[in-house]
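As stored in input_35.txt (compact mmCIF, C-alpha atoms):
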# COMPACT_ATOMS: atom_id res chain seq x y z
CA MET A 1 0.00 0.00 0.00
CA THR A 2 1.36 3.41 -0.97
CA THR A 3 0.98 6.26 1.46
CA THR A 4 1.10 9.84 0.32
CA VAL A 5 2.05 12.58 2.72
CA GLN A 6 -0.20 15.63 2.57
CA HIS A 7 1.80 18.75 3.37
CA ASP A 8 -0.02 21.62 5.00
CA LEU A 9 0.44 24.73 2.88
CA SER A 10 -1.28 27.06 5.35
CA LEU A 11 0.65 30.21 6.09
CA THR A 12 2.24 30.50 9.52
CA ARG A 13 2.98 33.70 11.43
CA ASP A 14 6.67 33.32 10.49
CA ASP A 15 5.74 32.98 6.80
CA ILE A 16 3.72 36.20 6.94
CA THR A 17 6.44 38.02 8.87
CA ALA A 18 9.01 36.90 6.29
CA LEU A 19 6.85 38.19 3.44
CA ARG A 20 6.16 41.52 5.13
CA LYS A 21 9.78 42.24 6.06
CA ALA A 22 11.42 40.92 2.88
CA THR A 23 13.40 43.26 0.65
CA SER A 24 12.60 41.27 -2.53
CA PHE A 25 10.65 38.25 -3.81
CA THR A 26 10.86 35.65 -6.54
CA LEU A 27 8.02 33.38 -7.64
CA HIS A 28 8.86 29.81 -8.69
CA THR A 29 7.13 26.83 -10.27
CA SER A 30 9.37 24.08 -11.55
CA ALA A 31 10.42 20.52 -10.90
CA TYR A 32 12.74 21.97 -8.21
CA GLY A 33 10.05 23.65 -6.14
CA ILE A 34 6.87 25.67 -6.02
CA GLY A 35 6.47 28.82 -3.98
CA ILE A 36 7.45 32.36 -3.22
CA LYS A 37 11.00 32.99 -2.06
CA ALA A 38 11.26 35.96 0.29
CA TYR A 39 14.72 37.53 0.60
CA LEU A 40 16.11 39.71 3.37
CA ARG A 41 19.18 41.64 2.29
CA THR A 42 21.36 43.93 4.36
CA GLY A 43 24.45 45.98 3.69
CA THR A 44 26.25 43.94 6.32
CA ASP A 45 26.51 40.27 7.13
CA THR A 46 24.79 40.68 10.50
CA PHE A 47 21.31 39.26 11.11
CA SER A 48 19.43 39.09 14.39
CA ARG A 49 18.55 35.73 15.90
CA THR A 50 14.89 36.29 14.93
CA GLU A 51 15.86 37.10 11.32
CA GLN A 52 17.95 33.93 11.18
CA VAL A 53 14.93 31.88 12.32
CA ILE A 54 12.45 33.57 9.97
CA TYR A 55 14.88 33.45 7.00
CA PRO A 56 16.65 30.09 7.52
CA ASP A 57 18.43 29.85 4.14
CA THR A 58 21.74 31.66 3.66
CA HIS A 59 22.61 32.60 0.07
CA MET A 60 25.39 35.12 0.53
CA THR A 61 26.85 36.73 3.63
CA HIS A 62 24.44 39.69 3.29
CA GLU A 63 21.33 37.74 2.20
CA ARG A 64 18.97 35.26 3.81
CA ALA A 65 15.81 33.67 2.35
CA ARG A 66 12.67 31.73 3.18
CA MET A 67 10.63 29.65 0.73
CA ILE A 68 6.88 30.02 1.25
CA ARG A 69 5.24 26.92 -0.21
CA THR A 70 2.25 27.38 -2.52
CA THR A 71 0.29 25.42 -5.06
CA ALA A 72 0.54 26.39 -8.72
CA GLY A 73 -1.13 25.99 -12.06
CA ILE A 74 -0.27 26.99 -15.60
CA SER A 75 -2.50 27.46 -18.58
CA GLY A 76 -2.17 29.15 -21.90
CA HIS A 77 -3.07 29.24 -25.51
CA GLY A 78 0.09 27.88 -27.07
CA HIS A 79 1.84 29.11 -30.18
CA ARG A 80 0.63 28.21 -33.68
CA THR A 81 2.95 25.20 -33.83
CA GLU A 82 2.81 24.16 -30.16
CA PRO A 83 0.09 22.60 -27.99
CA SER A 84 -1.79 24.62 -25.40
CA TRP A 85 -0.29 24.90 -21.93
CA TRP A 86 -1.81 23.09 -18.97
CA TRP A 87 -0.29 21.92 -15.71
CA ASN A 88 -1.46 21.94 -12.08
CA SER A 89 0.47 21.03 -8.93
CA ASP A 90 -2.63 19.31 -7.50
CA SER A 91 -2.55 16.81 -10.41
CA PRO A 92 0.99 16.96 -11.86
CA ASP A 93 0.89 13.51 -13.48
CA THR A 94 -0.30 14.69 -16.89
CA GLY A 95 2.45 13.06 -18.90
CA ARG A 96 3.94 16.52 -19.46
CA PRO A 97 7.02 17.80 -17.66
CA THR A 98 6.65 20.58 -15.12
CA PRO A 99 7.13 23.92 -16.88
CA ALA A 100 9.80 26.29 -15.63
CA CYS A 101 8.18 29.47 -14.35
CA PHE A 102 10.15 32.26 -12.69
CA TYR A 103 9.40 35.88 -11.95
CA SER A 104 11.06 38.53 -9.79
CA ALA A 105 8.34 40.68 -8.23
CA TYR A 106 9.32 44.27 -8.99
CA ASP A 107 6.37 46.26 -7.64
CA GLU A 108 7.09 46.30 -3.93
CA THR A 109 4.01 48.43 -3.16
CA ILE A 110 1.60 45.88 -4.63
CA MET A 111 3.31 42.99 -2.87
CA GLN A 112 3.34 44.78 0.50
CA THR A 113 -0.36 45.60 0.10
CA ILE A 114 -1.12 41.91 -0.49
CA TRP A 115 1.07 40.78 2.43
CA ALA A 116 -0.71 43.22 4.78
CA THR A 117 -4.00 41.35 4.19
CA LEU A 118 -2.63 37.86 4.95
CA ARG A 119 -3.60 35.89 8.04
CA PRO A 120 -2.25 32.64 9.47
CA GLY A 121 -4.09 29.74 7.84
CA ASP A 122 -4.44 31.41 4.43
CA THR A 123 -3.08 29.46 1.47
CA LEU A 124 -1.45 30.85 -1.67
CA HIS A 125 -1.65 29.70 -5.29
CA LEU A 126 0.46 30.90 -8.25
CA SER A 127 -1.65 30.98 -11.41
CA TRP A 128 0.60 31.34 -14.47
CA THR A 129 -0.75 32.14 -17.95
CA ALA A 130 1.53 31.56 -20.93
CA ASP A 131 1.11 32.94 -24.42
CA ASN A 132 -1.75 35.32 -23.65
CA ASN A 133 -0.90 36.96 -26.97
CA ASN A 134 -2.69 39.15 -29.44
CA ASP A 135 -2.00 39.32 -33.19
CA LEU A 136 0.58 42.11 -32.82
CA THR A 137 2.73 40.24 -30.30
CA ARG A 138 2.32 36.95 -32.16
CA ASP A 139 3.34 38.50 -35.50
CA ALA A 140 6.38 40.07 -33.82
CA GLY A 141 7.44 36.64 -32.51
CA LEU A 142 6.85 37.66 -28.88
CA HIS A 143 5.08 35.95 -26.00
CA VAL A 144 2.96 37.56 -23.30
CA ASP A 145 3.08 35.71 -19.98
CA HIS A 146 1.66 36.72 -16.63
CA VAL A 147 1.20 35.42 -13.10
CA HIS A 148 -1.59 35.97 -10.59
CA LEU A 149 -1.30 35.35 -6.86
CA VAL A 150 -4.48 33.80 -5.47
CA VAL A 151 -5.12 34.08 -1.72
CA ASN A 152 -7.55 31.55 -0.25
CA ARG A 153 -8.92 32.09 3.21
CA GLY A 154 -11.15 29.02 3.14
CA THR A 155 -14.15 31.00 1.92
CA LEU A 156 -16.04 30.65 -1.34
CA LYS A 157 -14.39 33.75 -2.83
CA ASP A 158 -10.62 33.75 -3.41
CA ARG A 159 -8.72 37.02 -3.80
CA ARG A 160 -6.77 37.20 -7.07
CA TYR A 161 -3.96 39.71 -7.75
CA LEU A 162 -1.99 40.28 -10.96
CA VAL A 163 1.60 40.39 -9.67
CA GLY A 164 3.67 39.87 -12.81
CA TYR A 165 3.52 40.49 -16.54
CA GLN A 166 6.13 40.03 -19.23
CA CYS A 167 6.28 40.42 -23.01
CA SER A 168 9.43 38.84 -24.42
CA ALA A 169 11.01 36.56 -26.97
CA ASP A 170 10.90 32.81 -26.40
CA ASN A 171 14.32 32.49 -24.77
CA SER A 172 15.85 31.61 -21.39
CA ALA A 173 14.75 34.96 -19.91
CA ARG A 174 11.08 34.26 -20.56
CA MET A 175 8.79 34.08 -17.51
CA ILE A 176 7.29 30.69 -18.49
CA ARG A 177 9.28 28.09 -20.41
CA ARG A 178 8.50 24.57 -21.53
CA ASN A 179 10.69 21.76 -20.23
CA GLY A 180 11.41 18.81 -22.45
Before we go any further, please render this structure as structure tokens.
Amino acid sequence: MTTTVQHDLSLTRDDITALRKATSFTLHTSAYGIGIKAYLRTGTDTFSRTEQVIYPDTHMTHERARMIRTTAGISGHGHRTEPSWWWNSDSPDTGRPTPACFYSAYDETIMQTIWATLRPGDTLHLSWTADNNNDLTRDAGLHVDHVHLVVNRGTLKDRRYLVGYQCSADNSARMIRRNG
């Protein structure tokens, strides 16, 4: 008999504190992990004991990080010669590899506004949309990708925020890339 371990993705007080005090954020969905990475950077290599607990990962001497686990999904319209996008972390066994999605959140004001509304027990979901193109971007050989952050408080109505948008060529700097 196979047993699956269900991980609780509910936000803790430390998760919320890390998000609110972070100096920058990256959003990730890939075979290597799903979530929001909150970074605390200083001009020195000194962090308080509390900061070391809230941001347990050390990247450089002046930077610490915490990964906030989320669920994720990707959808999209596909390019003329490629299939449509679809992948969800709740049912990843689709026969397709996990896409590589990455975005650095640049608008600190929007992110801080969202973090101010969070409560312990909320869950987060990254909803990525690939190739949300129009004829102009398609004819120029560009791709429009975006990501929404969905906050679920266990009520019937989720809160959905557009937190990232990118128009770019299909290269390694693209927000959403196919694997395999």
Check: Which one is closest to Thr23 in chain A: A:Asp8, A:Asp107, A:Asp57, A:Asp45? Count all atoms listed in the file.
Finding: A:Asp107
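A straight line drawn from CA of Ala18 in chain A to CA of Asp90 in chain A is 25.2 Å long.
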Would you pick out the contacts of range 64-74 of chain A at 8 Å or less, using all atoms listed in the file, so that residues sharing its chain but fewer than 4 positions from it are not included, and give the list as a compact mmCIF listing (two decimals) with C-alpha atoms, in the coordinates of the input?
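Once everything was written out, this is selection.txt:
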# COMPACT_ATOMS: atom_id res chain seq x y z
CA LEU A 9 0.44 24.73 2.88
CA LEU A 11 0.65 30.21 6.09
CA ASP A 15 5.74 32.98 6.80
CA ALA A 18 9.01 36.90 6.29
CA THR A 29 7.13 26.83 -10.27
CA ILE A 34 6.87 25.67 -6.02
CA GLY A 35 6.47 28.82 -3.98
CA ILE A 36 7.45 32.36 -3.22
CA LYS A 37 11.00 32.99 -2.06
CA ALA A 38 11.26 35.96 0.29
CA TYR A 39 14.72 37.53 0.60
CA LEU A 40 16.11 39.71 3.37
CA ARG A 41 19.18 41.64 2.29
CA GLN A 52 17.95 33.93 11.18
CA ILE A 54 12.45 33.57 9.97
CA TYR A 55 14.88 33.45 7.00
CA PRO A 56 16.65 30.09 7.52
CA ASP A 57 18.43 29.85 4.14
CA THR A 58 21.74 31.66 3.66
CA HIS A 59 22.61 32.60 0.07
CA MET A 60 25.39 35.12 0.53
CA TRP A 85 -0.29 24.90 -21.93
CA TRP A 86 -1.81 23.09 -18.97
CA TRP A 87 -0.29 21.92 -15.71
CA ASN A 88 -1.46 21.94 -12.08
CA SER A 89 0.47 21.03 -8.93
CA ASP A 90 -2.63 19.31 -7.50
CA THR A 123 -3.08 29.46 1.47
CA LEU A 124 -1.45 30.85 -1.67
CA HIS A 125 -1.65 29.70 -5.29
CA LEU A 126 0.46 30.90 -8.25
CA SER A 127 -1.65 30.98 -11.41
CA TRP A 128 0.60 31.34 -14.47
CA THR A 129 -0.75 32.14 -17.95
CA ALA A 130 1.53 31.56 -20.93
Next item on the list: For each of A:Arg119, A:Gly76, A:Thr42, A:Glu63, take the minimum atom-to-atom distance to Thr12 in chain A, counting only C-alpha atoms, then give the residue where this is smallest.
Entry: A:Arg119
Next item on the list: Write out as a ChimeraX atom specification which residues come within 12 Å of range 166-178 of chain A when counting all atoms listed in the file, dropping same-chain ones fewer than 3 positions away.
Entry: /A:26-31,73-76,78-79,82-87,96-106,127-134,136-147,162-163
Next item on the list: Figure out the distance between CA of Arg20 in chain A and CA of Arg153 in chain A, please, to one decimal in Å.
Entry: 17.9 Å
Next item on the list: Between A:Phe25, A:Glu51, A:Leu156, A:Tyr32, single out the one closest to Ile110 in chain A, counting only C-alpha atoms.
Entry: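 Of A:Phe25, A:Glu51, A:Leu156, A:Tyr32, the one nearest Ile110 in chain A is A:Phe25, counting only C-alpha atoms.
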Notebook entry, point to check: Of the residues A:Val53, A:Gly121, A:His62, A:Ser48, which is the one nearest to Asp14 in chain A, using all atoms listed in the file?
Noted result: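 Between A:Val53, A:Gly121, A:His62, A:Ser48, the residue approaching Asp14 in chain A most closely is A:Val53.
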